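Raw target08.txt, compact mmCIF, C-alpha atoms and all ligand atoms:
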```
# COMPACT_ATOMS: atom_id res chain seq x y z
CA MET J 901 -15.06 69.01 69.98
CA THR J 902 -17.74 69.62 67.36
CA PHE J 903 -17.29 68.78 63.68
CA HIS J 904 -19.70 70.33 61.17
CA VAL J 905 -19.69 69.09 57.58
CA LEU J 906 -21.33 71.00 54.72
CA THR J 907 -22.03 68.73 51.74
CA ILE J 908 -24.45 67.94 48.93
CA PHE J 909 -24.21 64.24 49.95
CA PRO J 910 -25.13 64.07 53.65
CA GLY J 911 -25.82 60.33 53.37
CA PHE J 912 -22.19 59.77 52.41
CA PHE J 913 -21.11 60.13 56.07
CA ARG J 914 -23.31 57.42 57.54
CA GLY J 915 -20.81 54.58 57.14
CA PRO J 916 -17.70 56.46 58.30
CA PHE J 917 -19.48 58.06 61.27
CA GLU J 918 -21.15 54.83 62.41
CA HIS J 919 -17.98 52.75 62.78
CA GLY J 920 -14.86 52.54 64.89
CA VAL J 921 -13.11 55.25 66.84
CA VAL J 922 -15.16 58.14 65.43
CA ALA J 923 -18.50 56.46 66.24
CA ARG J 924 -17.39 55.64 69.80
CA ALA J 925 -16.11 59.17 70.34
CA ALA J 926 -19.51 60.51 69.29
CA GLN J 927 -21.40 58.00 71.46
CA SER J 928 -19.31 58.95 74.50
CA GLY J 929 -19.97 62.66 73.85
CA ARG J 930 -16.29 63.52 73.34
CA ILE J 931 -17.05 64.72 69.82
CA ARG J 932 -20.23 65.95 68.13
CA LEU J 933 -20.84 65.28 64.42
CA CYS J 934 -23.24 67.57 62.53
CA VAL J 935 -23.78 66.95 58.83
CA HIS J 936 -25.54 69.78 56.95
CA ASN J 937 -27.11 69.48 53.51
CA LEU J 938 -25.94 72.40 51.36
CA ARG J 939 -29.26 72.29 49.45
CA ASP J 940 -31.08 73.32 52.63
CA TRP J 941 -29.63 76.81 52.10
CA THR J 942 -30.75 77.28 48.50
CA THR J 943 -33.73 79.53 47.77
CA ASP J 944 -34.89 78.49 44.28
CA LYS J 945 -37.35 75.69 43.61
CA HIS J 946 -34.70 73.43 42.00
CA ARG J 947 -32.42 73.85 45.07
CA THR J 948 -29.52 74.84 42.78
CA VAL J 949 -26.04 74.66 44.31
CA ASP J 950 -23.89 75.03 41.18
CA ASP J 951 -23.57 77.06 37.99
CA ARG J 952 -21.36 77.38 34.90
CA PRO J 953 -17.91 78.94 35.27
CA PHE J 954 -17.42 82.58 34.23
CA GLY J 955 -14.90 82.66 31.39
CA GLY J 956 -16.05 79.28 30.08
CA GLY J 957 -14.63 75.83 30.56
CA GLU J 958 -15.67 72.34 31.58
CA GLY J 959 -18.02 71.42 34.35
CA MET J 960 -19.86 73.31 37.05
CA VAL J 961 -18.80 75.41 40.02
CA LEU J 962 -20.40 75.51 43.48
CA LYS J 963 -22.17 78.86 43.92
CA PRO J 964 -21.14 81.09 46.83
CA GLU J 965 -24.60 82.08 48.20
CA PRO J 966 -25.76 78.74 49.68
CA ILE J 967 -22.31 78.16 51.22
CA PHE J 968 -22.15 81.60 52.86
CA ARG J 969 -25.77 81.31 54.02
CA ALA J 970 -25.11 77.87 55.54
CA VAL J 971 -21.98 78.90 57.45
CA GLU J 972 -23.65 82.10 58.70
CA ALA J 973 -26.65 80.03 59.89
CA ILE J 974 -24.47 77.44 61.65
CA TRP J 975 -22.33 80.15 63.29
CA PRO J 976 -24.28 83.46 63.36
CA GLU J 977 -21.38 85.15 65.16
CA ARG J 978 -18.08 83.40 64.59
CA GLN J 979 -16.19 82.89 67.88
CA PRO J 980 -12.48 82.17 68.35
CA GLY J 981 -11.99 78.39 68.19
CA GLN J 982 -14.50 78.04 65.36
CA ARG J 983 -12.59 77.30 62.17
CA VAL J 984 -13.90 77.00 58.61
CA ILE J 985 -11.94 74.61 56.39
CA LEU J 986 -12.48 74.35 52.66
CA LEU J 987 -11.49 70.98 51.17
CA THR J 988 -10.18 71.27 47.61
CA PRO J 989 -7.37 69.77 45.49
CA GLN J 990 -5.67 73.22 45.63
CA GLY J 991 -5.39 73.31 49.41
CA ARG J 992 -2.32 73.00 51.63
CA LEU J 993 -1.41 69.37 52.27
CA PHE J 994 -3.05 67.86 55.31
CA ASN J 995 -0.71 65.87 57.57
CA HIS J 996 -0.41 64.83 61.19
CA ALA J 997 1.03 68.17 62.28
CA VAL J 998 -2.03 69.91 60.81
CA ALA J 999 -4.27 67.34 62.57
CA ARG J 1000 -2.62 68.22 65.90
CA ARG J 1001 -3.16 71.92 65.31
CA LEU J 1002 -6.84 71.41 64.39
CA ALA J 1003 -7.38 69.20 67.45
CA GLN J 1004 -6.78 72.33 69.59
CA GLU J 1005 -9.88 74.07 68.17
CA ARG J 1006 -13.36 73.97 69.73
CA GLU J 1007 -15.35 73.50 66.49
CA LEU J 1008 -14.44 72.78 62.88
CA LEU J 1009 -16.68 73.32 59.86
CA LEU J 1010 -15.56 71.36 56.82
CA ILE J 1011 -16.88 72.46 53.44
CA CYS J 1012 -16.82 69.69 50.83
CA GLY J 1013 -16.13 70.76 47.25
CA ARG J 1014 -17.72 68.94 44.30
CA TYR J 1015 -17.94 69.38 40.52
CA GLU J 1016 -15.02 71.25 38.98
CA GLY J 1017 -14.58 73.59 41.88
CA VAL J 1018 -15.91 76.10 44.39
CA ASP J 1019 -16.39 79.82 43.73
CA GLU J 1020 -13.07 81.37 44.85
CA ARG J 1021 -14.82 83.92 47.10
CA VAL J 1022 -15.46 81.06 49.54
CA ALA J 1023 -11.70 80.49 49.88
CA GLU J 1024 -10.97 84.23 50.01
CA HIS J 1025 -13.70 85.57 52.28
CA LEU J 1026 -15.26 82.69 54.24
CA ALA J 1027 -12.77 79.86 54.87
CA ASP J 1028 -9.92 80.23 57.36
CA GLU J 1029 -7.88 77.71 55.41
CA GLU J 1030 -7.99 75.46 52.35
CA LEU J 1031 -6.78 71.85 52.69
CA SER J 1032 -6.09 68.93 50.35
CA ILE J 1033 -5.46 65.40 51.60
CA GLY J 1034 -2.98 64.49 48.85
CA ASP J 1035 -1.92 64.86 45.25
CA TYR J 1036 -4.54 62.69 43.56
CA VAL J 1037 -7.96 63.55 42.18
CA LEU J 1038 -11.02 62.61 44.22
CA SER J 1039 -14.62 63.11 43.12
CA GLY J 1040 -15.29 65.54 45.94
CA GLY J 1041 -14.33 66.70 49.40
CA GLU J 1042 -16.48 64.16 51.28
CA LEU J 1043 -13.82 61.45 51.57
CA ALA J 1044 -11.30 64.14 52.49
CA ALA J 1045 -13.60 65.38 55.28
CA CYS J 1046 -13.81 61.82 56.66
CA VAL J 1047 -10.02 61.57 56.61
CA VAL J 1048 -9.55 64.89 58.43
CA ILE J 1049 -12.21 64.08 61.04
CA ASP J 1050 -10.76 60.61 61.70
CA ALA J 1051 -7.22 61.93 62.12
CA VAL J 1052 -8.27 64.87 64.34
CA ALA J 1053 -10.79 62.95 66.48
CA ARG J 1054 -8.15 60.37 67.50
CA LEU J 1055 -6.06 63.19 69.00
CA ILE J 1056 -8.79 64.40 71.35
CA PRO J 1057 -8.13 63.33 74.94
CA GLY J 1058 -10.17 60.28 75.93
CA VAL J 1059 -11.02 59.22 72.37
CA LEU J 1060 -8.38 56.47 72.22
CA GLY J 1061 -8.75 55.63 75.91
CA ASN J 1062 -5.72 57.60 77.11
CA GLU J 1063 -7.05 60.63 78.95
CA ASP J 1064 -3.80 62.58 79.06
CA SER J 1065 -3.08 64.39 75.80
CA ALA J 1066 0.61 64.45 76.79
CA THR J 1067 1.23 60.82 75.77
CA GLN J 1068 -0.17 61.52 72.33
CA GLU J 1069 2.00 64.61 72.00
CA SER J 1070 5.18 62.62 72.65
CA PHE J 1071 4.84 60.39 69.58
CA ALA J 1072 6.16 61.49 66.22
CA ALA J 1073 4.35 60.28 63.10
CA PRO J 1074 5.04 60.32 59.36
CA GLY J 1075 3.96 63.83 58.44
CA ASP J 1076 5.43 65.25 61.61
CA GLU J 1077 8.83 66.85 61.31
CA LEU J 1078 10.77 63.84 62.52
CA GLY J 1079 8.40 60.94 62.06
CA ILE J 1080 9.67 57.58 60.88
CA LEU J 1081 7.60 54.55 59.97
CA ASP J 1082 6.46 51.95 62.50
CA TYR J 1083 8.61 48.84 62.91
CA PRO J 1084 7.35 45.63 61.25
CA GLN J 1085 4.90 43.64 63.38
CA TYR J 1086 4.34 39.87 63.47
CA THR J 1087 1.89 37.59 65.22
CA ARG J 1088 1.29 33.83 65.25
CA PRO J 1089 2.00 31.52 63.54
CA ALA J 1090 5.80 31.83 63.90
CA ASP J 1091 6.11 29.95 60.59
CA PHE J 1092 3.52 30.82 57.93
CA ARG J 1093 4.01 28.95 54.62
CA GLY J 1094 7.72 28.75 55.39
CA TRP J 1095 8.04 32.52 56.02
CA LYS J 1096 9.49 32.72 59.51
CA VAL J 1097 9.14 35.51 62.05
CA PRO J 1098 12.55 37.06 62.82
CA GLU J 1099 14.14 34.85 65.53
CA VAL J 1100 14.99 37.78 67.81
CA LEU J 1101 11.28 38.56 68.36
CA LEU J 1102 10.77 35.07 69.84
CA SER J 1103 13.88 35.31 72.04
CA GLY J 1104 12.50 37.31 74.96
CA HIS J 1105 15.65 39.52 74.93
CA HIS J 1106 13.93 42.88 75.29
CA GLU J 1107 17.00 45.01 74.65
CA GLU J 1108 17.83 43.08 71.46
CA ILE J 1109 14.20 43.31 70.37
CA ARG J 1110 14.27 47.08 70.88
CA ARG J 1111 17.47 47.38 68.80
CA TRP J 1112 16.08 45.15 66.03
CA ARG J 1113 12.86 47.15 65.84
CA ARG J 1114 14.67 50.49 65.69
CA GLN J 1115 16.95 49.35 62.84
CA ALA J 1116 14.08 47.59 60.99
CA ALA J 1117 11.95 50.77 61.19
CA LEU J 1118 14.84 52.86 59.88
CA ALA J 1119 15.58 50.40 57.08
CA LYS J 1120 11.94 50.33 56.01
CA THR J 1121 11.71 54.14 56.17
CA ALA J 1122 14.85 54.43 54.02
CA ARG J 1123 13.39 51.98 51.50
CA LEU J 1124 9.80 53.26 51.26
CA ARG J 1125 9.90 56.87 52.49
CA PRO J 1126 13.49 58.16 52.16
CA GLU J 1127 12.24 61.78 52.18
CA LEU J 1128 11.25 61.37 55.85
CA LEU J 1129 14.93 60.86 56.77
CA GLU J 1130 16.20 63.75 54.64
CA LYS J 1131 14.25 66.41 56.54
CA PRO J 1132 16.29 68.68 58.84
CA VAL J 1133 15.65 67.81 62.48
CA PRO J 1134 14.01 70.65 64.49
CA ARG J 1135 13.16 70.82 68.26
C1 LIG U 1201 -7.45 69.04 40.04
C2 LIG U 1201 -8.55 68.58 39.16
N1 LIG U 1201 -9.44 69.71 38.78
C3 LIG U 1201 -9.03 70.26 37.50
C4 LIG U 1201 -9.27 69.40 36.32
C5 LIG U 1201 -10.86 69.26 38.74
C6 LIG U 1201 -11.35 68.76 40.04
C7 LIG U 1201 -11.35 67.41 40.33
C8 LIG U 1201 -11.85 66.93 41.52
C9 LIG U 1201 -11.87 69.64 41.00
C10 LIG U 1201 -12.37 69.14 42.19
C11 LIG U 1201 -12.37 67.80 42.44
C12 LIG U 1201 -12.93 67.26 43.70
N2 LIG U 1201 -11.89 67.04 44.74
C13 LIG U 1201 -12.00 67.60 45.95
O1 LIG U 1201 -12.95 68.31 46.17
C14 LIG U 1201 -10.98 67.42 46.96
C15 LIG U 1201 -9.73 66.73 46.93
C16 LIG U 1201 -9.05 65.99 45.91
O2 LIG U 1201 -9.52 65.80 44.78
N3 LIG U 1201 -7.82 65.47 46.21
C17 LIG U 1201 -7.24 65.61 47.43
N4 LIG U 1201 -7.81 66.27 48.41
C18 LIG U 1201 -9.06 66.82 48.15
S1 LIG U 1201 -9.93 67.70 49.25
C19 LIG U 1201 -11.18 67.98 48.19
```
What's the structure tokens form of this structure?
Amino acid sequence: MTFHVLTIFPGFFRGPFEHGVVARAAQSGRIRLCVHNLRDWTTDKHRTVDDRPFGGGEGMVLKPEPIFRAVEAIWPERQPGQRVILLTPQGRLFNHAVARRLAQERELLLICGRYEGVDERVAEHLADEELSIGDYVLSGGELAACVVIDAVARLIPGVLGNEDSATQESFAAPGDELGILDYPQYTRPADFRGWKVPEVLLSGHHEEIRRWRRQAALAKTARLRPELLEKPVPR
């Protein structure tokens, strides 16, 4: 799968793309990462990407021309399986179900917003969808693009080591319809500063361990994320 990113801060992606699962997926050729500098598609000598909002108001808005020109240069004839995603605070909420859907595409092009916003004609006439990663204010879409790419790349067969996509499909996650939180994990030492690991986990009784983990996961979900348990159960 190919991920394109359109941004005014191409250097921002060095760290995230050079570490961990995403870096290994790129090295192994399972994903391709292409970062494009929006300023490369400006035509004036100051390489202007933004302008003041019509109607007045604070801040600056990303102009439509460089964004349209960039996308039309990256994909001169848009094919099925090539999806343009605009990252803004107004978008639909990204979650694991959305990640699974996006992982089915051949190529994604993520447009990173900045300043106070992006000219609405990009959302209306260029992007296939508009996504937000959560209800908090970021400085731009770059971190959001990293989040989306990380979550999607992990779902591509072979990226996590398991070649069959079926195993990945069988796990629910928070953000899926019936995801609950992971059970609490412990490792050595069994006694850390007097805080002891639950006895059952040291017992070797696999059936009891399974039962303890299921109830501990439910209890923690009820305490921290009760809304996950209130959802109607589909399937
Ligand atoms: C909602 C705040 N806006 C009105 C005052 C101004 C504004 C703030 C920050 C407009 C854009 C931005 C930059 N944020 C993103 O581009 C963004 C984002 C986010 O802020 N939160 C969650 N997901 C995303 S995806 C892109």
> Could you list, as a list in words, all the residues within 8 Å of ligand LIG 1201 (chain U), counting all atoms listed in the file?
Replying inline: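 Counting all atoms listed in the file, the residues within 8 Å of ligand LIG 1201 (chain U) come out as Leu986, Leu987, Thr988, Pro989, Gln990, Gly991, Cys1012, Gly1013, Arg1014, Tyr1015, Glu1016, Gly1017, Leu1031, Ser1032, Ile1033, Gly1034, Asp1035, Tyr1036, Val1037, Leu1038, Ser1039, Gly1040, Gly1041, Glu1042, Leu1043, Ala1044 and Ala1045 of chain J.
Interatomic distance, atom CA of Ala999 of chain J against atom CA of Leu1055 of chain J: 7.9 Å.
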Box centre and edge lengths (Å, one decimal), axis-aligned, segment 1030-1043 of chain J plus 3 Å each side, as lines of an AutoDock Vina configuration file:
```
center_x = -9.2
center_y = 68.5
center_z = 47.4
size_x = 20.6
size_y = 20.0
size_z = 16.5
```
>> Counting all atoms listed in the file, which residue out of J:Ala923, J:Leu1008, J:Lys963, J:Leu1118 sits closest to Gln979 of chain J?
In response: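 Checking each candidate against Gln979 of chain J, we get J:Leu1008 as the closest.
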>> For a quick check of understanding, using only C-alpha atoms, which of J:Ala1051, J:Val921, J:Val1100, J:Ala1027 has the smallest distance to Val998 of chain J?
In response: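 Selected residue with least distance to Val998 of chain J: J:Ala1051.
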> If you count all atoms listed in the file, which residues fall within 8 Å of Trp941 of chain J, apart from same-chain ones fewer than 3 positions away, as a list in words?
Replying inline: Asn937, Leu938, Pro966, Ile967, Arg969 and Ala970 of chain J
May I have the selected residues written with C-alpha atoms, as a compact mmCIF listing (two decimals), in the coordinates of the input?
```txt
# COMPACT_ATOMS: atom_id res chain seq x y z
CA ASN J 937 -27.11 69.48 53.51
CA LEU J 938 -25.94 72.40 51.36
CA PRO J 966 -25.76 78.74 49.68
CA ILE J 967 -22.31 78.16 51.22
CA ARG J 969 -25.77 81.31 54.02
CA ALA J 970 -25.11 77.87 55.54
```
> What is the atom CA of Arg1114 of chain J-atom CA of Leu1078 of chain J distance in Å, reported with one decimal?
Replying inline: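 So the two atoms, atom CA of Arg1114 of chain J and atom CA of Leu1078 of chain J, lie 14.3 Å apart.
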>> Give me the residues near Pro1074 of chain J as a count of residues only, where near means some atom within 10 Å (using all atoms listed in the file) and where sequence neighbours in that chain fewer than 3 positions away do not count.
In response: 12
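Pairwise distance (atom CA of Val905 of chain J, atom CA of Cys934 of chain J) equals 6.3 Å.
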Pick out the residues sitting within 8 Å of Thr902 of chain J, and hand them over as an mmCIF file with C-alpha atoms, in the coordinates of the input; count only C-alpha atoms, and ignore anything fewer than 2 positions along from it in its own chain.
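File produced: selection24.cif:
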```cif
data_model
loop_
_atom_site.group_PDB
_atom_site.id
_atom_site.type_symbol
_atom_site.label_atom_id
_atom_site.label_comp_id
_atom_site.auth_asym_id
_atom_site.auth_seq_id
_atom_site.Cartn_x
_atom_site.Cartn_y
_atom_site.Cartn_z
ATOM 1 C CA HIS J 904 -19.700 70.330 61.170
ATOM 2 C CA ILE J 931 -17.050 64.720 69.820
ATOM 3 C CA ARG J 932 -20.230 65.950 68.130
ATOM 4 C CA LEU J 933 -20.840 65.280 64.420
ATOM 5 C CA CYS J 934 -23.240 67.570 62.530
ATOM 6 C CA ARG J 1006 -13.360 73.970 69.730
ATOM 7 C CA GLU J 1007 -15.350 73.500 66.490
ATOM 8 C CA LEU J 1008 -14.440 72.780 62.880
#
```
> When distances are computed from all atoms listed in the file, which of J:Glu965, J:Asp1028, J:Asp1076, J:Asp1050 shows the smallest separation from Asp940 of chain J?
Replying inline: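 Among the listed residues, J:Glu965 lies closest to Asp940 of chain J.
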> With all atoms listed in the file as the atoms that count, which of J:Gly1075, J:Val1047, J:Glu1099, J:Phe912 lies nearest to Lys1131 of chain J?
Replying inline: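 Looking at the shortest contact to Lys1131 of chain J, the residue is J:Gly1075.
Among the candidates J:Leu906, J:Val961, J:Ala1122, J:Leu1129, the one nearest to Glu1020 of chain J when counting all atoms listed in the file is J:Val961.
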>> Taking 5 positions as the minimum chain separation for residues in the same chain, which residues sit within 8 Å of Ala1003 of chain J when counting all atoms listed in the file? Answer as a list in words.
In response: Val1052, Ala1053, Leu1055 and Ile1056 of chain J
